[in-house]
$ cat work-v2.txt   # compact mmCIF, C-alpha atoms
# COMPACT_ATOMS: atom_id res chain seq x y z
CA MET P 292 -25.36 -11.39 55.11
CA ALA P 293 -28.83 -11.24 53.59
CA LYS P 294 -30.24 -14.40 52.14
CA LYS P 295 -30.81 -14.71 48.38
CA GLY P 296 -33.99 -12.96 47.30
CA LYS P 297 -34.07 -10.77 50.43
CA LYS P 298 -32.94 -7.19 51.05
CA ARG P 299 -31.90 -5.65 54.37
CA ILE P 300 -33.18 -2.15 54.95
CA TYR P 301 -31.56 -0.03 57.70
CA PHE P 302 -33.46 2.84 59.27
CA TYR P 303 -33.61 4.75 62.53
CA TYR P 304 -36.60 4.47 64.75
CA ASP P 305 -36.69 6.21 68.18
CA ASP P 306 -32.99 7.06 67.77
CA GLN P 307 -32.16 3.41 67.35
CA LEU P 308 -30.83 1.73 64.24
CA GLN P 309 -33.33 -0.82 63.00
CA VAL P 310 -32.80 -3.59 60.45
CA ARG P 311 -35.62 -5.20 58.35
CA GLU P 312 -35.33 -7.88 55.71
CA VAL P 313 -37.68 -7.51 52.69
CA LYS P 314 -38.38 -10.59 50.53
CA TRP P 315 -38.22 -10.26 46.69
CA TYR P 316 -37.19 -6.66 47.02
CA ARG P 317 -35.88 -6.21 43.48
CA LEU P 318 -38.92 -7.85 41.91
CA ARG P 319 -41.26 -5.70 43.92
CA MET P 320 -39.42 -2.54 43.05
CA THR P 321 -39.38 -3.43 39.37
CA GLY P 322 -43.14 -4.08 39.42
CA LYS P 323 -43.87 -0.81 41.17
CA ILE P 324 -41.72 1.14 38.75
CA GLY P 325 -43.34 -0.58 35.73
CA LEU P 326 -46.85 0.05 37.04
CA SER P 327 -45.99 3.69 37.66
CA VAL P 328 -44.70 4.06 34.10
CA VAL P 329 -47.87 2.52 32.65
CA VAL P 330 -50.09 4.79 34.74
CA ILE P 331 -48.09 7.84 33.78
CA LEU P 332 -48.25 6.93 30.05
CA ALA P 333 -52.00 6.31 30.24
CA LEU P 334 -52.56 9.65 31.95
CA LEU P 335 -50.34 11.30 29.36
CA LEU P 336 -52.37 9.82 26.48
CA VAL P 337 -55.66 10.87 28.07
CA VAL P 338 -54.45 14.40 28.66
CA ASN P 339 -53.01 14.53 25.12
CA HIS P 340 -56.37 13.46 23.69
CA LEU P 341 -58.23 16.02 25.78
CA VAL P 342 -56.00 18.85 24.63
CA ASN P 343 -56.31 17.95 20.92
CA ASP P 344 -53.16 15.88 20.57
CA VAL P 345 -50.76 18.62 21.62
CA LEU P 346 -47.95 16.10 21.52
CA GLY P 347 -48.80 15.05 17.94
CA ILE P 348 -49.09 11.40 18.88
CA GLU P 349 -52.39 10.82 16.95
CA HIS P 350 -51.61 13.18 14.08
CA ASP P 351 -50.87 10.53 11.47
CA ARG P 352 -53.92 8.50 12.38
CA LEU P 353 -56.19 11.52 12.27
CA THR P 354 -54.71 12.61 8.95
CA SER P 355 -55.38 9.15 7.52
CA LEU P 356 -58.97 9.16 8.81
CA MET P 357 -59.60 12.62 7.36
CA LYS P 358 -58.35 11.52 3.94
CA GLU P 359 -60.49 8.41 4.11
CA ASN P 360 -63.53 10.47 5.09
CA GLN P 361 -62.91 12.84 2.19
CA VAL P 362 -62.78 9.93 -0.28
CA LEU P 363 -66.00 8.49 1.18
CA GLN P 364 -67.73 11.84 0.83
CA GLN P 365 -66.69 12.01 -2.83
CA GLN P 366 -67.91 8.46 -3.45
CA MET P 367 -71.26 9.18 -1.81
CA ALA P 368 -71.66 12.32 -3.93
CA LEU P 369 -70.93 10.26 -7.05
CA LEU P 370 -73.41 7.58 -5.92
CA THR P 371 -76.08 10.23 -5.35
CA SER P 372 -75.49 11.58 -8.87
CA GLN P 373 -75.73 8.08 -10.37
CA ILE P 374 -78.98 7.42 -8.51
CA SER P 375 -80.38 10.67 -9.89
CA GLN P 376 -79.47 9.54 -13.41
CA LEU P 377 -81.12 6.17 -12.73
CA GLN P 378 -84.30 7.96 -11.69
CA THR P 379 -84.22 9.88 -14.97
CA ASN P 380 -83.84 6.59 -16.86
CA VAL P 381 -86.71 5.01 -14.94
CA ASP P 382 -88.92 8.00 -15.80
CA SER P 383 -88.01 7.55 -19.48
CA ILE P 384 -88.78 3.82 -19.31
CA ASP P 385 -92.13 4.64 -17.73
CA ARG P 386 -93.04 6.99 -20.60
CA GLN P 387 -91.95 4.45 -23.22
CA GLY P 388 -93.84 1.73 -21.36
CA ASN P 389 -97.05 3.76 -21.49
CA VAL P 390 -96.63 4.21 -25.26
CA LEU P 391 -96.21 0.44 -25.64
CA ARG P 392 -99.26 -0.17 -23.44
CA LEU P 393 -101.37 2.03 -25.70
CA MET P 394 -100.02 0.21 -28.76
CA VAL P 395 -101.20 -3.15 -27.41
CA ASP P 396 -104.50 -1.70 -26.13
CA LEU P 397 -103.66 -1.61 -22.40
CA PRO P 398 -104.46 1.31 -20.08
CA THR P 399 -101.50 3.52 -19.18
CA ILE P 400 -99.97 3.49 -15.70
CA ASP P 401 -100.78 6.69 -13.83
CA GLN P 402 -98.46 8.31 -11.30
CA GLU P 403 -100.45 7.01 -8.35
CA THR P 404 -100.08 3.40 -9.51
CA ARG P 405 -96.45 3.92 -10.46
CA LYS P 406 -95.64 5.25 -6.99
CA ALA P 407 -97.56 2.43 -5.28
CA GLY P 408 -95.50 0.93 -2.52
CA THR P 409 -93.06 3.84 -2.38
CA GLY P 410 -94.97 5.94 0.11
CA GLY P 411 -95.12 5.63 3.87
CA ALA P 412 -92.23 5.35 6.29
CA VAL P 413 -88.89 4.38 4.82
CA MET P 414 -86.83 1.92 6.83
CA GLN P 415 -83.96 3.80 8.45
CA PRO P 416 -80.55 2.30 7.73
CA VAL P 417 -78.48 1.21 10.72
CA LEU P 418 -75.56 3.63 10.75
CA PRO P 419 -72.36 3.76 12.78
CA PRO P 420 -71.64 7.05 14.58
CA VAL P 421 -71.17 9.54 11.72
CA SER P 422 -71.53 13.24 11.15
CA ASP P 423 -74.96 14.75 10.51
CA GLN P 424 -73.97 15.56 6.93
CA THR P 425 -72.88 11.99 6.23
CA ALA P 426 -76.01 10.58 7.89
CA GLN P 427 -78.20 12.82 5.73
CA VAL P 428 -76.45 11.69 2.53
CA LEU P 429 -76.78 8.03 3.51
CA GLN P 430 -80.46 8.51 4.32
CA THR P 431 -81.09 10.16 0.95
CA VAL P 432 -79.32 7.33 -0.86
CA SER P 433 -81.30 4.71 1.08
CA SER P 434 -84.63 6.42 0.35
CA SER P 435 -83.81 6.83 -3.35
CA LEU P 436 -82.82 3.19 -3.71
CA SER P 437 -86.01 2.06 -1.99
CA ARG P 438 -88.13 4.23 -4.32
CA LEU P 439 -86.30 3.03 -7.43
CA LYS P 440 -86.72 -0.59 -6.36
CA SER P 441 -90.49 -0.15 -6.02
CA GLU P 442 -90.84 1.73 -9.32
CA MET P 443 -88.78 -0.87 -11.17
CA SER P 444 -91.02 -3.59 -9.72
CA VAL P 445 -94.08 -1.79 -11.14
CA GLN P 446 -92.36 -1.46 -14.54
CA GLU P 447 -91.34 -5.12 -14.51
CA GLN P 448 -94.96 -6.17 -13.99
CA SER P 449 -96.08 -3.71 -16.67
CA TYR P 450 -93.70 -5.07 -19.30
CA ARG P 451 -94.79 -8.63 -18.52
CA GLN P 452 -98.38 -7.51 -19.16
CA ILE P 453 -97.30 -5.85 -22.42
CA VAL P 454 -95.58 -9.04 -23.61
CA ARG P 455 -98.61 -11.17 -22.74
CA LYS P 456 -101.00 -8.73 -24.42
CA ALA P 457 -98.77 -8.50 -27.50
CA GLU P 458 -98.75 -12.28 -27.82
CA TYR P 459 -102.52 -12.32 -27.35
CA ASN P 460 -102.96 -9.60 -29.97
CA LYS P 461 -100.72 -11.45 -32.39
CA GLY P 462 -103.05 -14.44 -32.32
CA TYR P 463 -106.17 -12.30 -32.12
CA PHE P 464 -105.35 -10.13 -35.12
CA ALA P 465 -104.35 -13.15 -37.20
CA ALA P 466 -107.66 -14.87 -36.37
CA LEU P 467 -109.85 -11.81 -36.90
CA PRO P 468 -111.96 -12.33 -40.08
CA ALA P 469 -110.72 -9.08 -41.57
CA LEU P 470 -110.26 -10.02 -45.23
CA LYS P 471 -112.86 -9.84 -48.00
CA PRO P 472 -113.05 -13.54 -48.91
CA MET P 473 -113.78 -13.20 -52.63
CA ASP P 474 -113.46 -10.70 -55.45
CA GLY P 475 -116.80 -9.32 -56.62
CA TYR P 476 -119.52 -6.76 -56.13
CA TYR P 477 -121.49 -6.39 -52.91
CA SER P 478 -124.00 -3.89 -51.59
CA LYS P 479 -123.17 -2.20 -48.27
CA THR P 480 -126.92 -2.23 -47.54
CA GLY P 481 -127.20 -5.96 -48.19
CA TYR P 482 -127.00 -6.85 -44.48
CA GLY P 483 -130.15 -6.81 -42.36
CA LEU P 484 -133.87 -6.81 -43.24
CA ARG P 485 -134.46 -7.17 -47.00
CA MET P 486 -136.72 -8.74 -49.64
CA HIS P 487 -135.66 -12.35 -50.20
CA PRO P 488 -134.86 -12.74 -53.93
CA VAL P 489 -136.39 -16.23 -54.16
CA LEU P 490 -139.16 -16.29 -51.54
CA GLY P 491 -140.32 -12.74 -52.25
CA ILE P 492 -140.83 -11.88 -48.57
CA PHE P 493 -138.99 -9.67 -46.11
CA ARG P 494 -136.46 -11.61 -44.08
CA THR P 495 -133.41 -10.72 -42.03
CA HIS P 496 -130.30 -11.29 -44.06
CA ASN P 497 -127.53 -12.18 -41.58
CA GLY P 498 -124.73 -12.00 -44.12
CA LEU P 499 -123.44 -10.30 -47.20
CA ASP P 500 -123.75 -11.47 -50.81
CA ILE P 501 -120.62 -11.06 -52.95
CA ILE P 502 -121.53 -11.54 -56.62
CA ASN P 503 -119.22 -13.23 -59.11
CA ASP P 504 -119.13 -16.15 -61.56
CA VAL P 505 -119.26 -19.77 -60.51
CA GLY P 506 -115.77 -21.05 -59.74
CA THR P 507 -114.37 -17.78 -58.36
CA PRO P 508 -111.73 -18.53 -55.65
CA VAL P 509 -112.91 -18.17 -52.06
CA TYR P 510 -110.30 -17.49 -49.35
CA ALA P 511 -110.28 -17.77 -45.57
CA SER P 512 -110.83 -14.33 -44.05
CA GLY P 513 -108.75 -15.18 -40.95
CA ASP P 514 -106.78 -17.97 -39.26
CA GLY P 515 -108.99 -20.73 -37.92
CA VAL P 516 -110.17 -24.34 -37.87
CA VAL P 517 -112.77 -25.81 -40.23
CA ASP P 518 -115.82 -26.66 -38.12
CA VAL P 519 -118.20 -27.48 -41.00
CA ALA P 520 -117.44 -28.47 -44.60
CA GLY P 521 -120.29 -29.96 -46.65
CA MET P 522 -123.87 -29.71 -47.84
CA ASN P 523 -126.40 -27.89 -45.66
CA GLY P 524 -130.13 -28.50 -45.88
CA GLY P 525 -131.18 -25.03 -44.73
CA GLY P 526 -130.77 -23.26 -48.06
CA TYR P 527 -127.03 -22.58 -47.76
CA GLY P 528 -126.08 -25.40 -50.14
CA ASN P 529 -122.41 -26.34 -49.94
CA MET P 530 -120.94 -24.37 -47.03
CA ILE P 531 -117.91 -23.96 -44.81
CA VAL P 532 -117.81 -22.65 -41.24
CA LEU P 533 -114.46 -21.55 -39.83
CA ASN P 534 -113.91 -21.21 -36.09
CA HIS P 535 -111.38 -18.40 -35.60
CA GLY P 536 -111.32 -18.47 -31.81
CA TYR P 537 -111.77 -15.38 -29.65
CA GLY P 538 -115.52 -15.84 -30.16
CA TYR P 539 -115.43 -15.38 -33.98
CA GLN P 540 -116.83 -17.62 -36.71
CA SER P 541 -117.15 -17.06 -40.44
CA LEU P 542 -119.55 -18.81 -42.84
CA TYR P 543 -119.18 -19.30 -46.62
CA ALA P 544 -122.26 -20.61 -48.47
CA HIS P 545 -123.60 -21.58 -51.95
CA LEU P 546 -120.18 -23.00 -52.88
CA SER P 547 -119.60 -25.04 -56.03
CA LYS P 548 -116.53 -26.80 -54.62
CA ILE P 549 -115.12 -27.27 -51.10
CA LEU P 550 -111.31 -27.55 -50.89
CA VAL P 551 -110.87 -28.13 -47.12
CA ARG P 552 -111.98 -30.76 -44.63
CA GLU P 553 -113.40 -30.54 -41.12
CA GLY P 554 -110.73 -30.14 -38.43
CA GLN P 555 -108.22 -28.62 -40.85
CA HIS P 556 -106.26 -25.55 -39.75
CA VAL P 557 -106.20 -22.70 -42.26
CA LYS P 558 -104.47 -19.33 -42.45
CA ARG P 559 -105.88 -16.02 -43.60
CA GLY P 560 -105.72 -15.94 -47.38
CA ASP P 561 -105.71 -19.74 -47.84
CA LEU P 562 -107.84 -20.98 -50.74
CA ILE P 563 -110.73 -22.94 -49.20
CA ALA P 564 -113.44 -23.18 -51.91
CA LYS P 565 -114.86 -22.10 -55.24
CA SER P 566 -118.01 -19.98 -55.41
CA GLY P 567 -121.23 -21.32 -56.91
CA LYS P 568 -125.02 -21.23 -56.70
CA THR P 569 -125.94 -24.29 -54.61
CA GLY P 570 -128.84 -24.04 -52.19
CA LEU P 571 -131.67 -21.52 -52.26
CA VAL P 572 -130.26 -18.82 -54.57
CA SER P 573 -131.32 -16.74 -57.54
CA GLY P 574 -127.84 -16.55 -59.11
CA PRO P 575 -124.15 -17.26 -58.51
CA HIS P 576 -122.68 -15.51 -55.49
CA LEU P 577 -120.95 -16.10 -52.16
CA HIS P 578 -123.08 -15.69 -49.06
CA TYR P 579 -120.66 -14.61 -46.30
CA GLU P 580 -121.41 -14.25 -42.58
CA ILE P 581 -119.45 -13.28 -39.47
CA ARG P 582 -120.61 -14.23 -35.97
CA HIS P 583 -119.16 -13.05 -32.71
CA ASP P 584 -120.11 -14.99 -29.58
CA GLY P 585 -122.92 -16.54 -31.62
CA VAL P 586 -124.37 -13.17 -32.70
CA SER P 587 -124.40 -12.13 -36.35
CA VAL P 588 -122.42 -8.97 -37.17
CA ASN P 589 -122.14 -7.00 -40.41
CA PRO P 590 -119.12 -8.25 -42.43
CA VAL P 591 -118.71 -4.83 -44.05
CA ASN P 592 -117.33 -3.56 -40.73
CA PHE P 593 -114.37 -5.96 -41.12
CA PHE P 594 -113.50 -5.48 -44.79
CA PHE P 595 -110.35 -3.83 -46.10
CA ASP P 596 -111.45 -3.02 -49.61
CA ASP P 597 -108.04 -1.58 -50.52
CA ILE P 598 -106.52 -5.06 -50.60
CA THR P 599 -107.89 -8.21 -52.19
CA ALA P 600 -107.35 -11.75 -50.94
CA ARG P 601 -105.01 -12.38 -53.89
CA GLN P 602 -102.93 -9.28 -53.10
CA TYR P 603 -102.80 -10.26 -49.45
CA ARG P 604 -101.51 -13.73 -50.34
CA GLU P 605 -98.83 -12.23 -52.59
CA GLN P 606 -97.62 -9.84 -49.89
CA ILE P 607 -97.48 -12.60 -47.27
CA ALA P 608 -95.54 -14.85 -49.65
CA SER P 609 -92.99 -12.09 -50.37
CA GLN P 610 -92.18 -11.50 -46.68
$ encode --input "work-v2.txt" --output "structure tokens"
Amino acid sequence: MAKKGKKRIYFYYDDQLQVREVKWYRLRMTGKIGLSVVVILALLLVVNHLVNDVLGIEHDRLTSLMKENQVLQQQMALLTSQISQLQTNVDSIDRQGNVLRLMVDLPTIDQETRKAGTGGAVMQPVLPPVSDQTAQVLQTVSSSLSRLKSEMSVQEQSYRQIVRKAEYNKGYFAALPALKPMDGYYSKTGYGLRMHPVLGIFRTHNGLDIINDVGTPVYASGDGVVDVAGMNGGGYGNMIVLNHGYGYQSLYAHLSKILVREGQHVKRGDLIAKSGKTGLVSGPHLHYEIRHDGVSVNPVNFFFDDITARQYREQIASQ
């Protein structure tokens, strides 16, 4: 009788009956059979794959992958369309930005500057194994996004410049001595070389004389700070000098009454004095000067004769 776990095998060898005991016979046979089944199944799957899934084993999986690929293709086509629309919007923003730049006195952005940073080699995206068509779509999307990113960066910098320039202009235009400071008559040829009415000699007249009665209101021609307010010994009499910033100063002379003090901030159209005939004058008038970076300029070039200081004050008050 065979022992437990052993198997007796009978066979003939040289016409004689032979007996051999094999240990763990059943376990060994089971292992061999199982290994054979695994090998056969593996070979079957390989052959099935090589002959295009003739057994239909991978059909469901392939069908699912094909549907997924179709959805991805549709999404990529939609993304490409959206990127194209974004490019159109960026082009529109660029045109509007150039209009705004001109409005605030900035040079426009040319195409070369706008495209700065978008040329050269584009970094290739790391892609999994995909079809040539899919790879081409992904490459187009990547390149478009890179270009849009660079163009938007240029526009972002441009709009920051526009905002800064607009803020600068807001202060600059408010400070510019652009208002006729007093009602009255003046001669457009009164600036420059002329016969002095008191001394009787030719002298350079660095300002403009606006003629009116003593006590006529005198207004600030632009926003500024009072640098000088008092009597001057050089023939100007009572005078005021406003510092407008941005290199501009305005001077008001021969005043009968000064209504501001040194260091005081004033706005365009504020009442600052009354006209008179103090100093070296032949009659009542306002001597008015504008200086830019210390150099005298003709005030006529800054006047808006279609609006008086009084009208300006009324319009500002009504806003």
$ atom_distance --input "work-v2.txt" --atom1 "atom CA of Pro508 of chain P" --atom2 "atom CA of Gly462 of chain P"
25.2 Å
$ atom_distance --input "work-v2.txt" --atom1 "atom CA of Ala520 of chain P" --atom2 "atom CA of Gln602 of chain P"
25.5 Å
$ closest_residue --input "work-v2.txt" --among "P:Gln540, P:Ser566, P:Ser433, P:Gln452" --to "Ile501 of chain P" --atoms "all atoms listed in the file"
P:Ser566
$ atom_distance --input "work-v2.txt" --atom1 "atom CA of Asp504 of chain P" --atom2 "atom CA of Phe593 of chain P"
23.3 Å
$ closest_residue --input "work-v2.txt" --among "P:Leu546, P:Val509, P:Ile502, P:Ala469" --to "Asn592 of chain P" --atoms "all atoms listed in the file"
P:Ala469
$ closest_residue --input "work-v2.txt" --among "P:Gln361, P:Ser541, P:Ser547, P:Asn534" --to "Pro575 of chain P" --atoms "all atoms listed in the file"
P:Ser547
$ closest_residue --input "work-v2.txt" --among "P:Lys565, P:Arg582, P:Lys456, P:Arg604" --to "Ile549 of chain P" --atoms "all atoms listed in the file"
P:Lys565
$ residues_near_point --input "work-v2.txt" --point "(-121.3, -9.8, -44.3)" --cutoff "6 Å" --atoms "only C-alpha atoms" --output "VMD selection string"
chain P and resid 498 to 499 579 to 580 589 to 591
$ write_last_selection --input "work-v2.txt" --atoms "C-alpha atoms" --output "PDB file, in the coordinates of the input"
ATOM      1  CA  GLY P 498    -124.730 -12.000 -44.120  1.00  0.00           C
ATOM      2  CA  LEU P 499    -123.440 -10.300 -47.200  1.00  0.00           C
ATOM      3  CA  TYR P 579    -120.660 -14.610 -46.300  1.00  0.00           C
ATOM      4  CA  GLU P 580    -121.410 -14.250 -42.580  1.00  0.00           C
ATOM      5  CA  ASN P 589    -122.140  -7.000 -40.410  1.00  0.00           C
ATOM      6  CA  PRO P 590    -119.120  -8.250 -42.430  1.00  0.00           C
ATOM      7  CA  VAL P 591    -118.710  -4.830 -44.050  1.00  0.00           C
TER       8      VAL P 591
END
$ closest_residue --input "work-v2.txt" --among "P:Ser587, P:Gln364, P:Ser512, P:Gln606" --to "Ile563 of chain P" --atoms "only C-alpha atoms"
P:Ser512
$ closest_residue --input "work-v2.txt" --among "P:Ala564, P:Asp500, P:Val519, P:His583" --to "Tyr539 of chain P" --atoms "only C-alpha atoms"
P:His583
$ residues_around --input "work-v2.txt" --residues "Thr371 of chain P" --least-positions-apart "2" --cutoff "10 Å" --atoms "all atoms listed in the file" --output "list of chain:residue names"
P:Gln365, P:Gln366, P:Met367, P:Ala368, P:Leu369, P:Gln373, P:Ile374, P:Ser375, P:Gln376, P:Leu377, P:Val428, P:Leu429, P:Thr431, P:Val432, P:Ser433, P:Ser435, P:Leu436
$ residues_around --input "work-v2.txt" --residues "Phe595 of chain P" --least-positions-apart "5" --cutoff "10 Å" --atoms "only C-alpha atoms" --output "list of chain:residue names"
P:Ala469, P:Leu470, P:Lys471, P:Ala600
$ residues_near_point --input "work-v2.txt" --point "(-119.2, -18.9, -50.3)" --cutoff "6 Å" --atoms "all atoms listed in the file" --output "list in words"
Tyr543, Ala544, His545, Leu546, Ser566, Leu577 and His578 of chain P
$ residues_around --input "work-v2.txt" --residues "Val517 of chain P" --least-positions-apart "4" --cutoff "10 Å" --atoms "only C-alpha atoms" --output "PyMOL selection string"
chain P and resi 511+531-535+540-541+551-557+563
$ write_last_selection --input "work-v2.txt" --atoms "C-alpha atoms" --output "PDB file, in the coordinates of the input"
ATOM      1  CA  ALA P 511    -110.280 -17.770 -45.570  1.00  0.00           C
ATOM      2  CA  ILE P 531    -117.910 -23.960 -44.810  1.00  0.00           C
ATOM      3  CA  VAL P 532    -117.810 -22.650 -41.240  1.00  0.00           C
ATOM      4  CA  LEU P 533    -114.460 -21.550 -39.830  1.00  0.00           C
ATOM      5  CA  ASN P 534    -113.910 -21.210 -36.090  1.00  0.00           C
ATOM      6  CA  HIS P 535    -111.380 -18.400 -35.600  1.00  0.00           C
ATOM      7  CA  GLN P 540    -116.830 -17.620 -36.710  1.00  0.00           C
ATOM      8  CA  SER P 541    -117.150 -17.060 -40.440  1.00  0.00           C
ATOM      9  CA  VAL P 551    -110.870 -28.130 -47.120  1.00  0.00           C
ATOM     10  CA  ARG P 552    -111.980 -30.760 -44.630  1.00  0.00           C
ATOM     11  CA  GLU P 553    -113.400 -30.540 -41.120  1.00  0.00           C
ATOM     12  CA  GLY P 554    -110.730 -30.140 -38.430  1.00  0.00           C
ATOM     13  CA  GLN P 555    -108.220 -28.620 -40.850  1.00  0.00           C
ATOM     14  CA  HIS P 556    -106.260 -25.550 -39.750  1.00  0.00           C
ATOM     15  CA  VAL P 557    -106.200 -22.700 -42.260  1.00  0.00           C
ATOM     16  CA  ILE P 563    -110.730 -22.940 -49.200  1.00  0.00           C
TER      17      ILE P 563
END
$ decode --input "work-v2.txt" --residues "segment 557-604 of chain P" --atoms "C-alpha atoms" --output "PDB file, in the first residue's frame"
ATOM      1  CA  VAL P 557      -5.489 126.831  -5.410  1.00  0.00           C
ATOM      2  CA  LYS P 558      -7.597 125.360  -8.209  1.00  0.00           C
ATOM      3  CA  ARG P 559      -8.097 126.675 -11.708  1.00  0.00           C
ATOM      4  CA  GLY P 560     -10.759 129.359 -11.570  1.00  0.00           C
ATOM      5  CA  ASP P 561     -10.238 130.225  -7.884  1.00  0.00           C
ATOM      6  CA  LEU P 562     -10.398 133.946  -7.092  1.00  0.00           C
ATOM      7  CA  ILE P 563      -6.877 134.977  -6.028  1.00  0.00           C
ATOM      8  CA  ALA P 564      -6.725 138.798  -6.364  1.00  0.00           C
ATOM      9  CA  LYS P 565      -8.192 142.049  -7.618  1.00  0.00           C
ATOM     10  CA  SER P 566      -6.543 143.947 -10.469  1.00  0.00           C
ATOM     11  CA  GLY P 567      -4.973 147.360  -9.942  1.00  0.00           C
ATOM     12  CA  LYS P 568      -2.168 149.686 -11.016  1.00  0.00           C
ATOM     13  CA  THR P 569       0.563 149.166  -8.397  1.00  0.00           C
ATOM     14  CA  GLY P 570       4.186 149.241  -9.501  1.00  0.00           C
ATOM     15  CA  LEU P 571       5.579 150.805 -12.664  1.00  0.00           C
ATOM     16  CA  VAL P 572       2.439 151.210 -14.800  1.00  0.00           C
ATOM     17  CA  SER P 573       0.729 153.815 -16.940  1.00  0.00           C
ATOM     18  CA  GLY P 574      -2.825 152.669 -16.147  1.00  0.00           C
ATOM     19  CA  PRO P 575      -4.877 149.900 -14.537  1.00  0.00           C
ATOM     20  CA  HIS P 576      -4.283 146.446 -15.989  1.00  0.00           C
ATOM     21  CA  LEU P 577      -3.147 142.933 -15.127  1.00  0.00           C
ATOM     22  CA  HIS P 578       0.347 141.976 -16.222  1.00  0.00           C
ATOM     23  CA  TYR P 579       0.240 138.189 -16.765  1.00  0.00           C
ATOM     24  CA  GLU P 580       3.186 135.876 -17.479  1.00  0.00           C
ATOM     25  CA  ILE P 581       3.667 132.148 -18.054  1.00  0.00           C
ATOM     26  CA  ARG P 582       7.049 130.453 -17.606  1.00  0.00           C
ATOM     27  CA  HIS P 583       7.946 126.918 -18.526  1.00  0.00           C
ATOM     28  CA  ASP P 584      11.142 125.493 -17.038  1.00  0.00           C
ATOM     29  CA  GLY P 585      12.114 129.072 -16.180  1.00  0.00           C
ATOM     30  CA  VAL P 586      11.669 130.347 -19.755  1.00  0.00           C
ATOM     31  CA  SER P 587       9.004 132.931 -20.594  1.00  0.00           C
ATOM     32  CA  VAL P 588       6.350 131.791 -23.095  1.00  0.00           C
ATOM     33  CA  ASN P 589       3.544 133.729 -24.766  1.00  0.00           C
ATOM     34  CA  PRO P 590       0.333 133.413 -22.688  1.00  0.00           C
ATOM     35  CA  VAL P 591      -1.803 133.869 -25.807  1.00  0.00           C
ATOM     36  CA  ASN P 592      -0.844 130.327 -26.829  1.00  0.00           C
ATOM     37  CA  PHE P 593      -2.663 129.005 -23.732  1.00  0.00           C
ATOM     38  CA  PHE P 594      -5.838 131.086 -23.794  1.00  0.00           C
ATOM     39  CA  PHE P 595      -9.313 129.756 -24.510  1.00  0.00           C
ATOM     40  CA  ASP P 596     -11.080 132.964 -25.416  1.00  0.00           C
ATOM     41  CA  ASP P 597     -14.418 131.202 -25.883  1.00  0.00           C
ATOM     42  CA  ILE P 598     -14.774 130.745 -22.122  1.00  0.00           C
ATOM     43  CA  THR P 599     -14.171 133.267 -19.364  1.00  0.00           C
ATOM     44  CA  ALA P 600     -12.930 132.478 -15.869  1.00  0.00           C
ATOM     45  CA  ARG P 601     -16.422 133.220 -14.521  1.00  0.00           C
ATOM     46  CA  GLN P 602     -18.054 130.823 -17.009  1.00  0.00           C
ATOM     47  CA  TYR P 603     -15.481 128.172 -16.197  1.00  0.00           C
ATOM     48  CA  ARG P 604     -16.218 128.474 -12.473  1.00  0.00           C
TER      49      ARG P 604
END
